[in-house]
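A quick write-up on the structure given underneath.
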Amino acid sequence: MKKILFGATCILLAAGCYTPLNNSGVATTKPWLEISAKRTDFDGKQYDSCYRFDLHFFPQEAAGRLDLVESCISACCWRTEKPSVTLDFNKNFKKDLASYGKAYYYTPGQLTLSVSHSNLVNTTRVSTNPKGIISNKGRVKLKYKLVEDPARLAQLARDEAQARVRKETKERLEREEQQAAARQADRKNKIEEAKTILQRTQGDAIDHYFYSINKTYTKQDWTFWLGDRQLTVTPTKDENIYTVTCKAFVKLGEFPQYLRQNTVPCGVWKVNLRQATASPANKLARQIVALQ
């Protein structure tokens, strides 16, 4: 009987060497093994627990190869559903090497953690394979080397260069289009400005010219109907000087019911945008100015 009590005492003492109780009231054999919840039967004995590994990695990039939820690192897993977990650090090695032309290869490539529970000492234990990879503080230290595929790296460099050329070409074309659009808008504005200057400075003279034409036809008992006026603007070598050709659409005839359509010129004018002036540029324009 004393031997039995002594054995039980040794077991309990051994249990005392484990980490303190988790929030669920369960001791673990490693500080980095956490028990977030447990399930017990009618007798209060545990038959399941939700465990989590509080691990951190060196190098840190190794964690990028893992599903931290499925690996029971960022979320707890029920022991009955997942009694062991294998961390595969080289799972995407070939894929990364093919995609990026370089990738880290870790040793050991896999780490298996198995979780079990003893109701006798109310302790959940974890074993690792291979052993000695995880420190008591949960630091997983791996050996690693950078593996490179020269052909793939060369291809990526060519692709990057081509993409840069395409981007620069696109940006250049966009700039040229914007500059062309700006020039077109500037020309359009200057054309409208030239028309406005002509109308403002010589509009009365041109109106008087058509009035005199109408007066002449009226004396002959003809009908003269003045329609819209058309101004055609032509640029010159000087970006601030434009030539404006004026003509008007008219209807003319001896009898109102038999009028014919015609056009009547109203001069060619030189418009100076800088000086905001319009001066005659042909004989008719000079005659129009002289009529005033």
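Going by the structure tokens order, chains are called A, B, ..., each with residues numbered from 1, while ligands are numbered from 1 in the order shown.
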Compile a residue-level contact table for segment 73-127 of chain A against segment 31-52 of chain A at a cut-off of 6 Å, reporting for every qualifying residue the shortest atom pair and its distance in Å to one decimal, with only C-alpha atoms counted, rows ordered by chain and ascending number, as CSV.
residue,atom,partner,partner_atom,distance
A:Ile73,CA,A:Arg52,CA,5.6
A:Cys76,CA,A:Arg52,CA,4.4
A:Cys77,CA,A:Cys50,CA,5.0
A:Trp78,CA,A:Cys50,CA,4.2
A:Arg79,CA,A:Ser49,CA,5.7
Name the residues in contact with Ala281 of chain A at a cut-off of 9 Å, using only C-alpha atoms, excluding same-chain residues fewer than 2 positions from it; report them as a ChimeraX atom specification.
/A:243-244,267-270,279,283-286
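Non-sequential neighbours of segment 197-204 of chain A (distance at most 7 Å, separation of 3 or more positions within a chain, only C-alpha atoms) are Glu193, Ala194, Asp207, His208, Val271, Ala276, Thr277 and Ala278 of chain A.
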As a PyMOL selection string, please: every residue in segment 117-283 of chain A that DSSP puts in alpha helix (DSSP H). chain A and resi 150-219+283
Check your understanding: Do you have the atom CA of Thr234 of chain A-atom CA of Pro280 of chain A distance handy?
Key ->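 Atom CA of Pro280 of chain A lies 14.7 Å from atom CA of Thr234 of chain A.
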